[in-house]
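Peer 1: Shown below is the structure under consideration.
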Amino acid sequence: MKIKKKLFHFTEIVVCFAFMAVSMDAWGQKPADPKATKETQDLYDRINQQRTKGIAVGHQDALAYGHGWYKVKGNSDVKTVTGKYPKVIGWEMGDVELGKAYNLDSVYFDDMSNYIRDTHQRGGITTLSWHGNNIATGNNAWDCGQDTVVRSILPNGVHHREYLGWLDKVADFLLNLKDHDQKLIPVVLRPYHEHTGAWFWWGAKQCSPDEYKNLWRMTVDYFQKHHDIHHVLYCYSPSETENEAHFLERYPGDDYVDLVAFDCYVPGKGTSDDIANYKIAMAKNIEIITGYAKKSGKIPTIGETGLESVKDPTYFTEVVYPLVKGKELAWILFWRNAYEADKPEHYYIPFKGHPASIDFKKFVNKKDVFLVK
Ligand code: BMA
């Protein structure tokens with residue numbers, strides 16, 4: 001009897017360890033790139049731990065400009081309101097492929113590299129998007145009138161060679177991101193985003209699922225094999241999708257992705273009906289990405305979101321927080337606070353004195369919401 005009891009305990013322990021091993025494995029624990037640098041593995045671990053502690057707050061272009069200001073050293077609209085910096089900062093590389101000194105929103109790439117270094121030193125995380133131009137027409141990323149651009153970029157396409165030249169420029173920028181010890185700063189790249197929509201040349205009406213997957217794989221392979229870039233984690237971020245099958249329709253594969261995300265904004269003018277629809281869309285898409293994350297071991301995060309002009313003064317605590325609380329999402333990135341005089345209403349984080357700033361402070365003071373000093 002006694003012996004039997006002991007055996008039972010032993011079996012229990014074995015089963016328990018086996019279960020732990022399987023569940024740990026399911027969370028990946030490793031970047032998809034087998035040659036990822038140690039710093040990249042560290043970043044991956046930090047992001048993976050972040051999601052278990054709570055959600056980090058991100059803001060696009062946070063250090064370069066904000067509502068009513070441009071290039072003021074040490075400034076950030078998040079900091080003015082809360083006293084701290086966003087833990088995640090998004091940057092945009094559009095126009096780097098043309099060899100320009102500044103991006104499509106007039107942020108100098110040299111400044112961007114310095115801001116990325118500052119963020120890294122502060123223990124923050126950098127995520128990069130790329131609204132690359134339409135190589136076939138010479139217009140911007142939003143020129144989506146053709147359904148042949150992606151095909152023309154892929155191997156044997158008429159623009160293939162020229163496009164590799166564009167990727168070289170992106171690679172140069174990535175390889176220039178170094179800390180004070182000349183070590184490459186690991187970053188999260190979120191290329192060809194919102195592709196389930198049809199407003200960019202890589203969108204759902206502009207290329208087939210296979211063409212999209214091949215574009216993604218070609219880009220990652222070129223960075224890793226031709227440029228030896230191993231300090232990048234890749235984030236797959238469609239716009240809203242209907243279900244997991246839709247989410248995965250253009251997914252390039254687990255070997256090419258580290259984080260799974262989606263972009264979703266409050267639609268229309270931000271009325272209460274629009275906010276109600278946003279809540280439904282957010283809840284559904286959070287379920288899709290966290291569900292897939294659990295199966296695949298990828299890290300779930302919110303690629304882009306926001307309510308333009310933050311018209312609802314309790315948007316952060318009453319709308320966002322209940323949606324993200326306890327969902328194990330690594331971060332939520334709010335879109336930019338434009339500085340341009342002709343875009344006074346284009347902002348997603350309240351600035352000092354804004355009616356939603358008190359609510360934003362309450363949001364960031366929650367114990368499971370994170371900024372950095
Ligand atoms: C859009 C707007 C544009 C901007 C672009 C790329 O959502 O904010 O004004 O140029 O993103 O950052």
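Ligands are numbered from 1 in the order shown, residues from 1 within each chain, and chains are lettered A, B, ... in the order they appear in the structure tokens.
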Kindly provide, as an MDAnalysis selection string, all nucleotide and amino acid residues lying within 7 Å of ligand 1, counting only C-alpha atoms and all ligand atoms.

Peer 2: chainID A and resid 92 104:105 131 336

Peer 1: Find the spatial neighbours of segment 288-301 of chain A, counting only C-alpha atoms, within a cut-off of 8 Å - ignore same-chain residues fewer than 2 positions away - and output them as JSON, numbers by chain.

Peer 2: {"A": [25, 26, 27, 28, 29, 47, 48, 51, 243, 244, 247, 254, 257, 258, 259, 260, 261, 262, 284, 285, 286, 303, 327, 328, 329, 330, 331, 332]}

Peer 1: Check segment 96-180 of chain A with DSSP on the backbone and list each residue it calls alpha helix (DSSP H), as a PyMOL selection string.

Peer 2: chain A and resi 109-121+149-153+160-175

Peer 1: Could you write those residues out with N, CA and C atoms, as an mmCIF file, in the first residue's frame?

Peer 2:
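The result, stored in again.cif:
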data_model
loop_
_atom_site.group_PDB
_atom_site.id
_atom_site.type_symbol
_atom_site.label_atom_id
_atom_site.label_comp_id
_atom_site.auth_asym_id
_atom_site.auth_seq_id
_atom_site.Cartn_x
_atom_site.Cartn_y
_atom_site.Cartn_z
ATOM 1 N N PHE A 109 16.691 60.783 -39.667
ATOM 2 C CA PHE A 109 17.075 59.421 -39.283
ATOM 3 C C PHE A 109 18.222 59.425 -38.261
ATOM 4 N N ASP A 110 19.098 60.434 -38.339
ATOM 5 C CA ASP A 110 20.175 60.509 -37.334
ATOM 6 C C ASP A 110 19.588 60.746 -35.946
ATOM 7 N N ASP A 111 18.590 61.633 -35.884
ATOM 8 C CA ASP A 111 17.931 61.891 -34.591
ATOM 9 C C ASP A 111 17.250 60.618 -34.099
ATOM 10 N N MET A 112 16.588 59.930 -35.043
ATOM 11 C CA MET A 112 15.864 58.701 -34.685
ATOM 12 C C MET A 112 16.825 57.688 -34.037
ATOM 13 N N SER A 113 18.004 57.528 -34.646
ATOM 14 C CA SER A 113 18.987 56.584 -34.082
ATOM 15 C C SER A 113 19.376 57.002 -32.669
ATOM 16 N N ASN A 114 19.522 58.321 -32.457
ATOM 17 C CA ASN A 114 19.872 58.782 -31.102
ATOM 18 C C ASN A 114 18.733 58.522 -30.119
ATOM 19 N N TYR A 115 17.504 58.773 -30.560
ATOM 20 C CA TYR A 115 16.354 58.517 -29.678
ATOM 21 C C TYR A 115 16.271 57.018 -29.337
ATOM 22 N N ILE A 116 16.590 56.195 -30.320
ATOM 23 C CA ILE A 116 16.528 54.739 -30.096
ATOM 24 C C ILE A 116 17.603 54.331 -29.078
ATOM 25 N N ARG A 117 18.759 54.983 -29.161
ATOM 26 C CA ARG A 117 19.829 54.710 -28.182
ATOM 27 C C ARG A 117 19.370 55.148 -26.779
ATOM 28 N N ASP A 118 18.757 56.345 -26.704
ATOM 29 C CA ASP A 118 18.260 56.838 -25.400
ATOM 30 C C ASP A 118 17.240 55.866 -24.816
ATOM 31 N N THR A 119 16.337 55.380 -25.677
ATOM 32 C CA THR A 119 15.280 54.458 -25.233
ATOM 33 C C THR A 119 15.894 53.177 -24.692
ATOM 34 N N HIS A 120 16.877 52.669 -25.415
ATOM 35 C CA HIS A 120 17.560 51.430 -25.026
ATOM 36 C C HIS A 120 18.228 51.599 -23.656
ATOM 37 N N GLN A 121 18.889 52.743 -23.476
ATOM 38 C CA GLN A 121 19.577 53.014 -22.204
ATOM 39 C C GLN A 121 18.595 53.099 -21.043
ATOM 40 N N VAL A 149 2.248 45.296 -57.803
ATOM 41 C CA VAL A 149 3.492 45.841 -57.246
ATOM 42 C C VAL A 149 4.292 44.770 -56.497
ATOM 43 N N VAL A 150 3.597 44.005 -55.636
ATOM 44 C CA VAL A 150 4.327 42.983 -54.869
ATOM 45 C C VAL A 150 4.953 41.961 -55.822
ATOM 46 N N ARG A 151 4.164 41.527 -56.828
ATOM 47 C CA ARG A 151 4.697 40.557 -57.793
ATOM 48 C C ARG A 151 5.945 41.118 -58.479
ATOM 49 N N SER A 152 5.938 42.402 -58.756
ATOM 50 C CA SER A 152 7.059 43.002 -59.490
ATOM 51 C C SER A 152 8.328 43.108 -58.645
ATOM 52 N N ILE A 153 8.145 42.970 -57.336
ATOM 53 C CA ILE A 153 9.286 43.078 -56.415
ATOM 54 C C ILE A 153 9.923 41.711 -56.149
ATOM 55 N N HIS A 160 12.556 43.801 -58.922
ATOM 56 C CA HIS A 160 13.221 43.029 -57.874
ATOM 57 C C HIS A 160 14.572 43.633 -57.459
ATOM 58 N N ARG A 161 15.410 43.856 -58.465
ATOM 59 C CA ARG A 161 16.767 44.344 -58.152
ATOM 60 C C ARG A 161 16.723 45.707 -57.472
ATOM 61 N N GLU A 162 15.878 46.554 -58.048
ATOM 62 C CA GLU A 162 15.756 47.906 -57.491
ATOM 63 C C GLU A 162 15.249 47.835 -56.041
ATOM 64 N N TYR A 163 14.312 46.909 -55.791
ATOM 65 C CA TYR A 163 13.752 46.792 -54.437
ATOM 66 C C TYR A 163 14.806 46.295 -53.443
ATOM 67 N N LEU A 164 15.668 45.394 -53.901
ATOM 68 C CA LEU A 164 16.752 44.948 -53.010
ATOM 69 C C LEU A 164 17.623 46.148 -52.624
ATOM 70 N N GLY A 165 17.773 47.075 -53.563
ATOM 71 C CA GLY A 165 18.507 48.311 -53.269
ATOM 72 C C GLY A 165 17.795 49.099 -52.156
ATOM 73 N N TRP A 166 16.472 49.095 -52.184
ATOM 74 C CA TRP A 166 15.715 49.755 -51.103
ATOM 75 C C TRP A 166 15.934 49.023 -49.779
ATOM 76 N N LEU A 167 15.895 47.691 -49.850
ATOM 77 C CA LEU A 167 16.124 46.922 -48.609
ATOM 78 C C LEU A 167 17.539 47.178 -48.065
ATOM 79 N N ASP A 168 18.485 47.405 -48.981
ATOM 80 C CA ASP A 168 19.857 47.730 -48.533
ATOM 81 C C ASP A 168 19.842 48.993 -47.668
ATOM 82 N N LYS A 169 19.048 49.965 -48.086
ATOM 83 C CA LYS A 169 18.985 51.245 -47.338
ATOM 84 C C LYS A 169 18.352 51.015 -45.949
ATOM 85 N N VAL A 170 17.317 50.176 -45.908
ATOM 86 C CA VAL A 170 16.700 49.862 -44.605
ATOM 87 C C VAL A 170 17.731 49.142 -43.729
ATOM 88 N N ALA A 171 18.440 48.197 -44.356
ATOM 89 C CA ALA A 171 19.463 47.429 -43.624
ATOM 90 C C ALA A 171 20.543 48.370 -43.075
ATOM 91 N N ASP A 172 20.968 49.344 -43.894
ATOM 92 C CA ASP A 172 21.993 50.300 -43.425
ATOM 93 C C ASP A 172 21.510 50.999 -42.157
ATOM 94 N N PHE A 173 20.245 51.417 -42.190
ATOM 95 C CA PHE A 173 19.701 52.111 -41.018
ATOM 96 C C PHE A 173 19.719 51.180 -39.794
ATOM 97 N N LEU A 174 19.269 49.936 -39.999
ATOM 98 C CA LEU A 174 19.202 48.982 -38.874
ATOM 99 C C LEU A 174 20.602 48.691 -38.322
ATOM 100 N N LEU A 175 21.570 48.606 -39.239
ATOM 101 C CA LEU A 175 22.935 48.269 -38.813
ATOM 102 C C LEU A 175 23.663 49.464 -38.196
#

Peer 1: From a backbone DSSP assignment, name each residue in segment 175-217 of chain A labelled strand (DSSP E), as a count of residues only.

Peer 2: 4

Peer 1: Tell me which protein, DNA and RNA residues are within 8 Å of Phe351 of chain A, counting only C-alpha atoms, leaving out same-chain ones fewer than 5 positions away, and put them as a list in words.

Peer 2: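 The residues that qualify are His67, Asp77, Val78, Thr80, Val81 and Ser357 of chain A.
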
Peer 1: Write a file of the just-selected residues containing N, CA, C and O atoms, as an mmCIF file, in the first residue's frame.

Peer 2:
data_model
loop_
_atom_site.group_PDB
_atom_site.id
_atom_site.type_symbol
_atom_site.label_atom_id
_atom_site.label_comp_id
_atom_site.auth_asym_id
_atom_site.auth_seq_id
_atom_site.Cartn_x
_atom_site.Cartn_y
_atom_site.Cartn_z
ATOM 1 N N HIS A 67 2.243 67.309 -29.600
ATOM 2 C CA HIS A 67 1.212 68.293 -29.924
ATOM 3 C C HIS A 67 1.770 69.704 -29.686
ATOM 4 O O HIS A 67 2.016 70.095 -28.554
ATOM 5 N N ASP A 77 5.150 64.059 -24.855
ATOM 6 C CA ASP A 77 3.825 64.407 -24.318
ATOM 7 C C ASP A 77 3.444 63.470 -23.174
ATOM 8 O O ASP A 77 2.786 63.885 -22.215
ATOM 9 N N VAL A 78 3.860 62.203 -23.268
ATOM 10 C CA VAL A 78 3.570 61.250 -22.185
ATOM 11 C C VAL A 78 4.249 61.732 -20.901
ATOM 12 O O VAL A 78 3.661 61.741 -19.815
ATOM 13 N N THR A 80 5.238 64.811 -20.105
ATOM 14 C CA THR A 80 4.680 66.065 -19.578
ATOM 15 C C THR A 80 3.451 65.775 -18.707
ATOM 16 O O THR A 80 3.237 66.429 -17.692
ATOM 17 N N VAL A 81 2.681 64.797 -19.122
ATOM 18 C CA VAL A 81 1.450 64.493 -18.369
ATOM 19 C C VAL A 81 1.715 63.589 -17.165
ATOM 20 O O VAL A 81 1.128 63.776 -16.100
ATOM 21 N N SER A 357 -6.338 64.068 -19.831
ATOM 22 C CA SER A 357 -5.012 63.842 -19.236
ATOM 23 C C SER A 357 -5.113 63.255 -17.817
ATOM 24 O O SER A 357 -4.262 62.454 -17.413
#

Peer 1: Could you check the closest approach to Gln41 of chain A for each of A:Val72, A:Val319, A:Asp95, A:His230 and tell me which residue wins, using only C-alpha atoms?

Peer 2: A:His230

Peer 1: Could you tell me which of A:Gly270, A:Ile89, A:Tyr265, A:Lys30 comes closest to Leu189 of chain A if we count only C-alpha atoms?

Peer 2: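 Closest residue, counting only C-alpha atoms: A:Ile89.
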
Peer 1: Just want the 10 Å neighbourhood of Ala356 of chain A, counted on only C-alpha atoms, with same-chain residues fewer than 6 positions away dropped. Output as a list in words.

Peer 2: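 Listing them by chain and then by number gives Ser309, Val310, Lys311, Asp312, Pro313, Thr314, Tyr315, Phe316, Ile349 and Pro350 of chain A.
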
Peer 1: With only C-alpha atoms as the atoms that count, which of A:Ile358, A:Leu323, A:Val372, A:Cys207 lies nearest to Gly145 of chain A?

Peer 2: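 Checking each of A:Ile358, A:Leu323, A:Val372, A:Cys207 against Gly145 of chain A, counting only C-alpha atoms, the winner is A:Cys207.
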
Peer 1: Can you pull out every residue within 12 Å of Asp143 of chain A, counting only C-alpha atoms, but drop anything in the same chain fewer than 6 positions away, and send it as JSON, numbers by chain?

Peer 2: {"A": [131, 132, 133, 134, 135, 136, 137, 149, 198, 199, 200, 201, 202, 203, 206]}

Peer 1: Selection from above, C-alpha atoms, as a PDB file, in the first residue's frame, can you write it?

Peer 2:
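Contents of result-v2.pdb, freshly written:
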ATOM      1  CA  HIS A 131       5.518  52.929 -44.898  1.00  0.00           C
ATOM      2  CA  GLY A 132       7.829  52.291 -47.860  1.00  0.00           C
ATOM      3  CA  ASN A 133       7.007  53.989 -51.165  1.00  0.00           C
ATOM      4  CA  ASN A 134       5.356  52.305 -54.137  1.00  0.00           C
ATOM      5  CA  ILE A 135       8.345  51.316 -56.272  1.00  0.00           C
ATOM      6  CA  ALA A 136       6.268  50.864 -59.430  1.00  0.00           C
ATOM      7  CA  THR A 137       4.727  54.344 -59.493  1.00  0.00           C
ATOM      8  CA  VAL A 149       3.492  45.841 -57.246  1.00  0.00           C
ATOM      9  CA  ALA A 198      -6.530  47.531 -48.830  1.00  0.00           C
ATOM     10  CA  TRP A 199      -4.927  50.950 -48.402  1.00  0.00           C
ATOM     11  CA  PHE A 200      -1.236  50.135 -48.927  1.00  0.00           C
ATOM     12  CA  TRP A 201       0.395  48.621 -52.022  1.00  0.00           C
ATOM     13  CA  TRP A 202       0.949  45.390 -50.023  1.00  0.00           C
ATOM     14  CA  GLY A 203      -2.747  45.175 -49.019  1.00  0.00           C
ATOM     15  CA  GLN A 206      -3.206  44.423 -54.027  1.00  0.00           C
TER      16      GLN A 206
END
